[in-house]
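Asks: See input-v6.txt below, with compact mmCIF, C-alpha atoms and all ligand atoms.
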# COMPACT_ATOMS: atom_id res chain seq x y z
CA MET L 40 0.00 0.00 0.00
CA GLY L 41 1.34 3.42 -0.93
CA ILE L 42 1.73 6.25 1.58
CA LEU L 43 -1.15 8.30 0.16
CA GLU L 44 -3.45 5.31 0.17
CA GLY L 45 -2.44 4.61 3.78
CA ILE L 46 -3.30 8.16 4.83
CA SER L 47 -6.70 8.05 3.19
CA LYS L 48 -7.47 4.69 4.84
CA LEU L 49 -6.50 6.15 8.18
CA LYS L 50 -8.71 9.18 7.61
CA GLU L 51 -11.56 6.94 6.60
CA GLY L 52 -10.96 4.63 9.57
CA LEU L 53 -11.03 7.53 11.99
CA SER L 54 -14.10 9.18 10.46
CA ARG L 55 -16.45 8.20 13.27
CA THR L 56 -14.10 9.44 15.97
CA ARG L 57 -13.43 12.58 13.97
CA GLU L 58 -17.15 13.23 13.66
CA GLY L 59 -17.71 12.49 17.37
CA LEU L 60 -14.83 14.61 18.60
CA VAL L 61 -13.90 17.31 16.10
CA GLY L 62 -17.40 17.50 14.57
CA THR L 63 -19.07 17.94 17.95
CA VAL L 64 -16.54 20.55 19.07
CA ALA L 65 -17.12 22.48 15.84
CA ARG L 66 -20.87 22.50 16.53
CA VAL L 67 -20.32 23.68 20.11
CA LEU L 68 -18.36 26.66 18.77
CA LEU L 69 -21.07 27.79 16.36
CA GLY L 70 -22.22 31.32 17.11
CA ARG L 71 -19.91 31.60 20.13
CA PRO L 72 -16.91 33.74 19.22
CA VAL L 73 -15.23 33.76 22.63
CA ILE L 74 -13.89 30.81 24.64
CA ASP L 75 -15.53 30.77 28.05
CA GLU L 76 -15.65 28.42 31.00
CA ALA L 77 -18.91 26.77 29.91
CA MET L 78 -17.35 26.00 26.52
CA LEU L 79 -14.33 24.39 28.15
CA GLU L 80 -16.59 22.24 30.28
CA GLU L 81 -18.50 21.09 27.21
CA LEU L 82 -15.20 20.30 25.52
CA GLU L 83 -14.16 18.21 28.51
CA GLU L 84 -17.38 16.19 28.26
CA ILE L 85 -16.79 15.61 24.55
CA LEU L 86 -13.29 14.31 25.29
CA ILE L 87 -14.62 11.97 27.95
CA ALA L 88 -17.29 10.72 25.53
CA SER L 89 -14.48 9.93 23.06
CA ASP L 90 -12.85 7.73 25.71
CA VAL L 91 -9.86 9.94 26.34
CA GLY L 92 -10.33 9.16 30.05
CA ALA L 93 -11.44 11.53 32.80
CA GLY L 94 -8.04 12.40 34.22
CA LEU L 95 -6.42 12.99 30.85
CA SER L 96 -9.40 15.03 29.61
CA ALA L 97 -9.12 17.27 32.66
CA GLU L 98 -5.39 17.67 31.97
CA VAL L 99 -5.98 18.67 28.34
CA ILE L 100 -8.65 21.18 29.33
CA GLU L 101 -6.50 22.64 32.09
CA SER L 102 -3.70 23.17 29.63
CA ILE L 103 -6.02 24.91 27.16
CA ARG L 104 -7.52 27.00 29.99
CA SER L 105 -4.11 28.31 31.04
CA ARG L 106 -3.10 29.02 27.44
CA VAL L 107 -6.27 31.02 26.97
CA LYS L 108 -5.41 32.99 30.10
CA GLU L 109 -1.66 33.41 29.62
CA GLU L 110 -1.51 33.84 25.87
CA GLY L 111 -4.79 35.74 25.65
CA LYS L 112 -6.13 33.26 23.06
CA ALA L 113 -9.82 33.68 23.78
CA ASP L 114 -10.97 33.63 20.13
CA SER L 115 -13.01 30.42 19.79
CA GLY L 116 -11.54 29.91 16.33
CA GLY L 117 -8.32 28.95 18.10
CA LEU L 118 -9.87 26.15 20.11
CA LEU L 119 -9.62 23.30 17.59
CA PRO L 120 -5.99 24.10 16.69
CA MET L 121 -5.16 24.20 20.42
CA LEU L 122 -6.95 20.89 20.96
CA LYS L 123 -4.99 19.36 18.08
CA GLU L 124 -1.72 20.58 19.60
CA GLU L 125 -2.63 19.31 23.04
CA ILE L 126 -3.58 15.88 21.74
CA GLY L 127 -0.35 15.72 19.75
CA ARG L 128 1.60 16.75 22.83
CA GLN L 129 -0.07 14.07 24.97
CA LEU L 130 0.66 11.42 22.36
CA SER L 131 4.33 12.35 22.12
CA ALA L 132 4.67 12.53 25.89
CA GLY L 133 3.50 8.94 26.14
CA SER L 134 5.12 7.46 23.05
CA HIS L 135 8.41 5.72 23.60
CA ASP L 136 10.02 6.01 20.24
CA SER L 137 9.06 6.43 16.66
CA ASN L 138 7.21 3.47 15.24
CA GLY L 139 7.97 4.46 11.68
CA ASP L 140 9.38 1.10 10.66
CA ALA L 141 7.41 -1.31 12.85
CA PHE L 142 6.69 -3.48 9.80
CA SER L 143 10.40 -4.11 9.32
CA LEU L 144 11.56 -7.14 11.26
CA PRO L 145 14.55 -7.00 13.59
CA GLU L 146 17.52 -9.26 12.85
CA ALA L 147 16.59 -12.29 14.98
CA ARG L 148 15.64 -15.38 12.93
CA PRO L 149 13.09 -16.71 13.38
CA TYR L 150 11.39 -13.71 14.92
CA VAL L 151 8.71 -15.10 17.23
CA ILE L 152 5.58 -13.05 17.87
CA LEU L 153 3.02 -14.15 20.44
CA ILE L 154 -0.45 -12.64 19.99
CA VAL L 155 -2.69 -12.34 23.05
CA GLY L 156 -5.96 -10.67 23.96
CA VAL L 157 -9.49 -11.39 25.14
CA ASN L 158 -12.16 -13.06 23.10
CA GLY L 159 -13.18 -11.44 19.81
CA VAL L 160 -10.83 -8.44 19.83
CA GLY L 161 -9.37 -9.28 16.43
CA LYS L 162 -6.31 -11.44 17.15
CA THR L 163 -6.75 -13.88 14.28
CA THR L 164 -7.70 -11.12 11.84
CA THR L 165 -4.62 -9.13 12.87
CA ILE L 166 -2.41 -12.18 12.35
CA GLY L 167 -3.79 -12.55 8.82
CA LYS L 168 -2.99 -8.91 8.14
CA LEU L 169 0.50 -9.09 9.64
CA ALA L 170 1.29 -12.30 7.77
CA HIS L 171 0.16 -10.61 4.57
CA VAL L 172 2.52 -7.66 5.16
CA TYR L 173 5.51 -9.87 5.95
CA ALA L 174 4.81 -12.25 3.08
CA ALA L 175 4.62 -9.28 0.71
CA GLN L 176 8.11 -8.30 1.94
CA GLY L 177 9.28 -11.71 0.78
CA ARG L 178 9.52 -13.17 4.29
CA ARG L 179 8.80 -16.80 5.06
CA VAL L 180 5.93 -16.65 7.51
CA LEU L 181 4.70 -19.44 9.73
CA ILE L 182 1.52 -19.20 11.77
CA ALA L 183 0.97 -21.37 14.83
CA ALA L 184 -2.71 -22.06 15.45
CA ALA L 185 -2.35 -22.35 19.22
CA ASP L 186 -6.00 -21.43 19.62
CA THR L 187 -6.86 -25.12 19.60
CA PHE L 188 -10.22 -24.62 21.24
CA ARG L 189 -11.83 -23.34 18.15
CA ALA L 190 -12.11 -25.32 14.96
CA ALA L 191 -12.92 -22.21 12.97
CA ALA L 192 -9.65 -20.47 13.85
CA HIS L 193 -7.97 -23.00 11.63
CA GLU L 194 -10.10 -22.15 8.61
CA GLN L 195 -9.82 -18.46 9.37
CA LEU L 196 -6.03 -18.73 9.22
CA GLU L 197 -5.88 -20.95 6.19
CA ILE L 198 -7.13 -18.16 3.99
CA CYS L 199 -4.10 -16.03 4.87
CA SER L 200 -2.15 -15.84 1.70
CA GLY L 201 1.53 -16.45 1.76
CA ALA L 202 1.86 -18.07 5.18
CA GLN L 203 2.29 -21.66 6.26
CA LEU L 204 0.03 -22.88 9.01
CA ILE L 205 1.06 -25.21 11.82
CA SER L 206 -1.91 -26.73 13.59
CA GLN L 207 -3.07 -29.81 15.41
CA GLN L 208 -6.46 -31.33 16.08
CA GLN L 209 -9.00 -29.43 18.11
CA GLY L 210 -8.32 -29.64 21.84
CA ALA L 211 -4.58 -30.23 21.44
CA ASP L 212 -2.21 -28.60 23.93
CA PRO L 213 -1.72 -24.97 22.76
CA ALA L 214 1.81 -24.83 24.16
CA ALA L 215 2.74 -27.95 22.20
CA VAL L 216 1.45 -26.40 18.98
CA ALA L 217 3.51 -23.27 19.64
CA PHE L 218 6.61 -25.33 20.47
CA ASP L 219 6.28 -27.40 17.29
CA ALA L 220 5.74 -24.31 15.19
CA VAL L 221 8.96 -22.72 16.41
CA MET L 222 10.78 -25.99 15.79
CA ALA L 223 9.37 -26.13 12.25
CA ALA L 224 10.35 -22.50 11.72
CA ARG L 225 13.93 -23.27 12.68
CA SER L 226 14.21 -26.29 10.44
CA ARG L 227 12.57 -24.52 7.49
CA SER L 228 14.54 -21.29 8.11
CA ALA L 229 11.36 -19.25 8.42
CA ASP L 230 11.76 -15.53 9.09
CA VAL L 231 8.82 -15.05 11.37
CA VAL L 232 6.51 -17.18 13.50
CA ILE L 233 3.20 -15.69 14.63
CA ILE L 234 1.41 -17.57 17.41
CA ASP L 235 -2.37 -17.23 17.57
CA THR L 236 -3.92 -17.89 20.98
CA ALA L 237 -7.40 -18.26 22.37
CA GLY L 238 -9.20 -15.34 23.99
CA ARG L 239 -11.30 -17.55 26.18
CA LEU L 240 -10.86 -21.13 27.23
CA HIS L 241 -13.59 -23.70 27.33
CA THR L 242 -11.88 -25.77 29.97
CA LYS L 243 -11.07 -25.22 33.60
CA VAL L 244 -7.61 -23.96 32.69
CA ASN L 245 -7.13 -20.29 33.42
CA LEU L 246 -6.29 -18.24 30.30
CA MET L 247 -3.38 -16.39 31.90
CA GLU L 248 -1.88 -19.67 33.12
CA GLU L 249 -2.21 -21.12 29.63
CA LEU L 250 -0.50 -18.10 28.07
CA LYS L 251 2.30 -18.24 30.63
CA LYS L 252 2.80 -21.87 29.73
CA ILE L 253 2.97 -21.09 26.00
CA ARG L 254 5.54 -18.43 26.75
CA ARG L 255 7.60 -20.72 28.92
CA VAL L 256 7.54 -23.63 26.49
CA VAL L 257 8.48 -21.47 23.50
CA SER L 258 11.40 -19.97 25.45
CA ARG L 259 12.89 -23.46 25.79
CA HIS L 260 14.03 -23.10 22.18
CA ASP L 261 15.74 -19.83 23.00
CA PRO L 262 15.37 -17.60 26.07
CA ALA L 263 14.80 -14.65 23.70
CA PHE L 264 11.55 -16.24 22.44
CA PRO L 265 8.96 -14.87 22.10
CA ASN L 266 10.74 -11.80 20.74
CA GLU L 267 7.52 -9.86 20.84
CA VAL L 268 4.23 -10.22 22.73
CA LEU L 269 1.49 -8.18 21.09
CA LEU L 270 -1.68 -7.49 23.04
CA VAL L 271 -4.71 -6.91 20.83
CA ILE L 272 -7.29 -4.48 22.23
CA ASP L 273 -10.66 -3.66 20.65
CA ALA L 274 -10.91 0.15 20.56
CA SER L 275 -14.65 0.03 21.09
CA THR L 276 -14.36 -1.69 24.48
CA GLY L 277 -13.25 1.59 26.00
CA GLN L 278 -11.58 1.92 29.35
CA ASN L 279 -12.02 -1.79 29.96
CA GLY L 280 -9.21 -2.29 27.45
CA LEU L 281 -6.82 -0.61 29.87
CA HIS L 282 -7.83 -3.01 32.58
CA GLN L 283 -7.25 -5.99 30.27
CA ALA L 284 -3.86 -4.61 29.32
CA ARG L 285 -2.68 -4.48 32.91
CA GLN L 286 -3.71 -8.10 33.48
CA PHE L 287 -2.00 -9.41 30.35
CA ALA L 288 1.08 -7.28 30.99
CA SER L 289 1.59 -8.72 34.44
CA ALA L 290 0.96 -12.29 33.27
CA VAL L 291 2.95 -12.47 30.02
CA GLY L 292 4.93 -9.24 29.65
CA VAL L 293 3.37 -7.38 26.74
CA THR L 294 5.83 -5.56 24.44
CA GLY L 295 3.33 -3.79 22.19
CA VAL L 296 -0.34 -3.06 21.68
CA VAL L 297 -2.43 -3.53 18.55
CA LEU L 298 -5.56 -1.41 18.73
CA THR L 299 -8.25 -2.81 16.44
CA LYS L 300 -11.65 -1.69 15.17
CA LEU L 301 -10.83 2.01 15.31
CA ASP L 302 -13.05 2.30 12.25
CA GLY L 303 -16.01 0.89 14.12
CA THR L 304 -16.02 3.33 17.00
CA ALA L 305 -16.50 7.02 17.69
CA ARG L 306 -14.40 6.57 20.80
CA GLY L 307 -10.91 6.55 19.28
CA GLY L 308 -9.79 8.78 22.16
CA ILE L 309 -8.85 5.49 23.79
CA VAL L 310 -5.57 5.76 21.85
CA LEU L 311 -4.58 8.67 24.10
CA ALA L 312 -5.55 6.84 27.24
CA ILE L 313 -3.56 3.78 26.19
CA VAL L 314 -0.48 5.70 25.12
CA ARG L 315 -0.44 7.79 28.30
CA GLU L 316 -1.47 5.28 30.91
CA LEU L 317 0.15 2.05 29.85
CA LYS L 318 3.89 2.06 29.57
CA ILE L 319 3.56 -0.05 26.44
CA PRO L 320 3.89 1.32 22.89
CA VAL L 321 0.96 1.12 20.48
CA LYS L 322 2.57 -0.58 17.47
CA PHE L 323 -0.28 -1.18 15.05
CA ILE L 324 -3.85 -0.06 14.55
CA GLY L 325 -6.66 -1.86 12.76
CA VAL L 326 -8.86 0.42 10.67
CA GLY L 327 -11.04 -2.11 8.88
CA GLU L 328 -11.72 -5.76 8.22
CA SER L 329 -9.82 -6.26 4.99
CA ILE L 330 -6.35 -7.69 4.70
CA ASP L 331 -4.58 -4.36 4.19
CA ASP L 332 -6.35 -2.52 7.00
CA LEU L 333 -3.50 -2.83 9.49
CA GLN L 334 -1.30 0.23 9.88
CA VAL L 335 1.82 1.07 11.81
CA PHE L 336 0.76 3.49 14.54
CA ASP L 337 2.27 6.88 13.81
CA ARG L 338 1.21 9.56 16.28
CA ASN L 339 1.67 12.43 13.84
CA ALA L 340 -0.33 10.72 11.10
CA PHE L 341 -2.96 9.85 13.69
CA VAL L 342 -3.41 13.46 14.83
CA GLU L 343 -3.41 14.74 11.25
CA ALA L 344 -6.06 12.19 10.22
CA LEU L 345 -8.17 12.96 13.27
CA PHE L 346 -8.23 16.68 12.54
CA ALA L 347 -8.26 16.35 8.75
CA PRO L 348 -10.78 18.61 7.01
N1 LIG Y 401 -14.19 -3.16 11.63
C1 LIG Y 401 -13.16 -3.90 12.03
N2 LIG Y 401 -13.38 -5.17 12.36
C2 LIG Y 401 -12.33 -5.90 12.77
C3 LIG Y 401 -11.02 -5.37 12.89
N3 LIG Y 401 -10.20 -6.34 13.35
C4 LIG Y 401 -10.98 -7.44 13.51
N4 LIG Y 401 -12.26 -7.18 13.18
C5 LIG Y 401 -13.42 -8.10 13.24
O1 LIG Y 401 -13.59 -8.57 14.57
C6 LIG Y 401 -14.17 -9.87 14.56
C7 LIG Y 401 -13.41 -10.80 15.48
O2 LIG Y 401 -12.12 -10.98 14.93
P1 LIG Y 401 -11.20 -12.24 15.24
O3 LIG Y 401 -9.91 -11.97 14.54
O4 LIG Y 401 -11.88 -13.50 14.98
O5 LIG Y 401 -11.00 -12.06 16.81
P2 LIG Y 401 -10.17 -13.00 17.80
O6 LIG Y 401 -9.53 -12.10 18.80
O7 LIG Y 401 -9.28 -13.91 17.04
O8 LIG Y 401 -11.36 -13.81 18.49
P3 LIG Y 401 -11.26 -15.18 19.36
O9 LIG Y 401 -10.37 -16.09 18.61
O10 LIG Y 401 -12.67 -15.62 19.44
O11 LIG Y 401 -10.72 -14.78 20.70
C8 LIG Y 401 -14.19 -10.31 13.10
O12 LIG Y 401 -15.49 -10.14 12.60
C9 LIG Y 401 -13.23 -9.35 12.42
O13 LIG Y 401 -13.52 -9.13 11.07
C10 LIG Y 401 -10.82 -3.98 12.54
O14 LIG Y 401 -9.74 -3.39 12.61
N5 LIG Y 401 -11.94 -3.31 12.12
MG MG Y 402 -9.12 -15.95 17.02
Please express what this file holds, its structure, as structure tokens.

Replies:
Amino acid sequence: MGILEGISKLKEGLSRTREGLVGTVARVLLGRPVIDEAMLEELEEILIASDVGAGLSAEVIESIRSRVKEEGKADSGGLLPMLKEEIGRQLSAGSHDSNGDAFSLPEARPYVILIVGVNGVGKTTTIGKLAHVYAAQGRRVLIAAADTFRAAAHEQLEICSGAQLISQQQGADPAAVAFDAVMAARSRSADVVIIDTAGRLHTKVNLMEELKKIRRVVSRHDPAFPNEVLLVIDASTGQNGLHQARQFASAVGVTGVVLTKLDGTARGGIVLAIVRELKIPVKFIGVGESIDDLQVFDRNAFVEALFAP
């Protein structure tokens, strides 16, 4: 996908959030030329409704309030540009480093990526998209169907073009599938192994314990494995996503977040909450259901798309 196409997909994917946030603010400003306290309070409510989070919303508003006071910027026409700057500032304050090349794989071979997240957030879909990107780069991609509780996951993954699938019968031990996949990757000199896991278990086994076991068993090949643990969060689940993230992070050590379904929600403000409150970088965002709807998260592109005309 070209850069321009990527930007227009991002704009399109964020259209509901843009309408909910920027569109609502624009309507609040109509016929009110001067920024006043009531307007700032309405703005705060709009931010909260976009899932920015109460504390962070208050922080953004406080910053705008003091700029209005100190810089004498009371013209309401300046409110959206100030909001854009504040959101950009919050995102850079929380971002660790630039994600510009997150689709390029580090040197380790095979590079082992473990995908985790609760039921239905988009793990398997994201794996299909990631596999597609890596395969298009000419990488040998292997997918481990360690979600052995679900027969359909198998079929879902088989349609991923360009990747080889390692699976076992339904009900097999997920950690064994993951172990075998890494072994196969080593013998076939694969570049990347992506391990799909279940979001909910239909047995008495606790999900976190199962994921810890997968992690442990995979690391027997090499203590560096898995090289990456990506937590998939559904943007429309709101603040609950933050709660999930803390649980997964303490159980399996998450190295990056994939935020999916941004296209399906008006509450994309969750990106801010995640970037600021979790000490985990957002690596990718999902902006649609098709195979090329996964993007590297770029805070500048995100802010530009959110405030695009
Ligand atoms: N609109 C939209 N839909 C998405 C996105 N990512 C995933 N989905 C949809 O979300 C639904 C669930 O996706 P799956 O990939 O099966 O989710 P999962 O996490 O693997 O689910 P379990 O295996 O049941 O835990 C599917 O209908 C996907 O098409 C996205 O970025 N945007
Ligand atoms: Mg799945």

Asks: Could you give me, as number ranges by chain, every polymer residue with an atom at most 8 Å away from an atom of ligand MG 402 (chain Y), counting all atoms listed in the file?

Replies: L: 158-159, 161-164, 186, 189, 192, 235-238

Asks: Quick one, how far is CA of Ala223 in chain L from CA of Gly210 in chain L?

Replies: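 About the pair CA of Ala223 in chain L and CA of Gly210 in chain L: they are 20.4 Å apart.
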
Asks: Closest to ligand LIG 401 (chain Y) among L:Leu270, L:Leu68, L:Leu345, L:Ile205, using all atoms listed in the file?

Replies: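 Checking each of L:Leu270, L:Leu68, L:Leu345, L:Ile205 against ligand LIG 401 (chain Y), counting all atoms listed in the file, the winner is L:Leu270.
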
Asks: Can you tell me which residues come within 9 Å of ligand LIG 401 (chain Y) when counting all atoms listed in the file, ideally as an MDAnalysis selection string?

Replies: chainID L and resid 52 155:167 186 188:189 191:192 195 235:239 271:274 298:304 324:329 332:333

Asks: Compare L:Asn339, L:Gln334, L:Ser226, L:Ser54 by their minimum atom-to-atom distance to Arg148 in chain L, counting all atoms listed in the file, and give me the closest one.

Replies: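 Nearest candidate to Arg148 in chain L out of L:Asn339, L:Gln334, L:Ser226, L:Ser54: L:Ser226.
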
Asks: Do you have the CA of Met78 in chain L-CA of Ile100 in chain L distance handy?

Replies: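 So the two atoms, CA of Met78 in chain L and CA of Ile100 in chain L, lie 10.3 Å apart.
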
Asks: Pick from L:Gly292, L:Pro213, L:Pro265, L:Gly133: nearest to Leu317 in chain L, with all atoms listed in the file counted?

Replies: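 Among L:Gly292, L:Pro213, L:Pro265, L:Gly133, it is L:Gly133 that comes nearest to Leu317 in chain L.
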
Asks: Name all residues at most 9 Å from Val256 in chain L (count all atoms listed in the file; drop same-chain ones fewer than 6 positions away) and give them as a list in words.

Replies: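 My reading of the contact set: Ala214, Ala215, Ala217 and Phe218 of chain L.
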
Asks: Find, counting all atoms listed in the file, the residue in L:Leu246, L:Val257, L:Ala344, L:Phe142 that gets nearest to Phe323 in chain L.

Replies: L:Phe142

Asks: Looking at all atoms listed in the file, which of L:Gly92, L:Tyr173, L:Glu249, L:Ala183 is the one that sits closest to Val291 in chain L?

Replies: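 Comparing L:Gly92, L:Tyr173, L:Glu249, L:Ala183 against Val291 in chain L, the winner is L:Glu249.
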
Asks: At a cut-off of 12 Å, using all atoms listed in the file, what residues contact Ala347 in chain L? Leave out same-chain residues fewer than 5 positions from it and give the result as a PyMOL selection string.

Replies: chain L and resi 46-47+49-51+53-54+56-58+60-62+119-120+123+339-342

Asks: Residues proximal to (0.9, -10.2, 20.8) were defined as those with any atom within 8 Å of that point in the file's coordinates, counting all atoms listed in the file. Which are they, as a PyMOL selection string?

Replies: chain L and resi 152-156+267-271+293-297

Asks: May I ask for the distance between CA of Tyr150 in chain L and CA of Ala288 in chain L, given in Å to one decimal place?

Replies: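 One can read the CA of Tyr150 in chain L to CA of Ala288 in chain L distance as 20.1 Å.
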